[in-house]
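Here's the structure, in structure tokens; my notes come after.
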Amino acid sequence: IYLLQCDALGILVYRVMIVERGLATDQREKLRRYIEGHPHVMTCLTCAGAWDYELRFETPSVDVLEDFCQTIVDNFGASIGSILLSQQVGILKRVSYPCK
């Protein structure tokens, strides 16, 4: 297990929070497959609360993130309430756990 120092490699890290608005079961599965299969999505959390999905998106170019978000809007349109973005600018604390 290793951790990359993304900023030293020129990789931008974003948090992408997606709020869905009543996706049908087949559409929800299609969205999940798209998220899981995207090479720049490093983690995906299914959440309960203010948003439904929280993603860690790593990319050397913001254009890739814009294309990712636009594809979601194009494919799911009115069933997506919002897509919120925030750029990670630093890490204050990291907790590691031993592997078994």
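In the structure tokens, chains take the letters A, B, ... in the order shown, each chain's residues start at 1, and ligands count up from 1 in the order shown.
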Test item, strand (DSSP E or B) assignment across segment 14-84 of chain A, answer as a ChimeraX atom specification: /A:14-20,41-46,53-59,80-84
Have a look at atom CA of Gly90 of chain A and atom CA of Tyr34 of chain A and let me know their distance in Å, one decimal. 27.7 Å
Surrounding residues of segment 56-70 of chain A excluding itself and chain neighbours under 6 positions, 12 Å, only C-alpha atoms, as JSON, numbers by chain: {"A": [4, 5, 6, 7, 8, 9, 10, 11, 12, 13, 14, 15, 16, 17, 18, 31, 34, 35, 36, 37, 38, 39, 40, 41, 42, 43, 44, 45, 76, 77, 80, 82, 83, 84, 85, 86, 87, 88]}
List every residue of segment 8-76 of chain A that DSSP, applied to the backbone of this structure, places in alpha helix (DSSP H), and write the result as number ranges by chain. A: 25-37, 62-76
As a list in words, please: the residues near Arg21 of chain A (cut-off 8 Å, only C-alpha atoms, same-chain neighbours under 6 positions excluded). Ala78, Ser79, Ile80 and Gly81 of chain A
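Residue nearest Lys30 of chain A within the list A:Tyr97, A:Leu55, A:Ile72, A:Gly49: A:Ile72 [criterion: smallest interatomic distance, only C-alpha atoms].
Here atom CA of Asn75 of chain A and atom CA of Ala50 of chain A stand 22.1 Å from one another.
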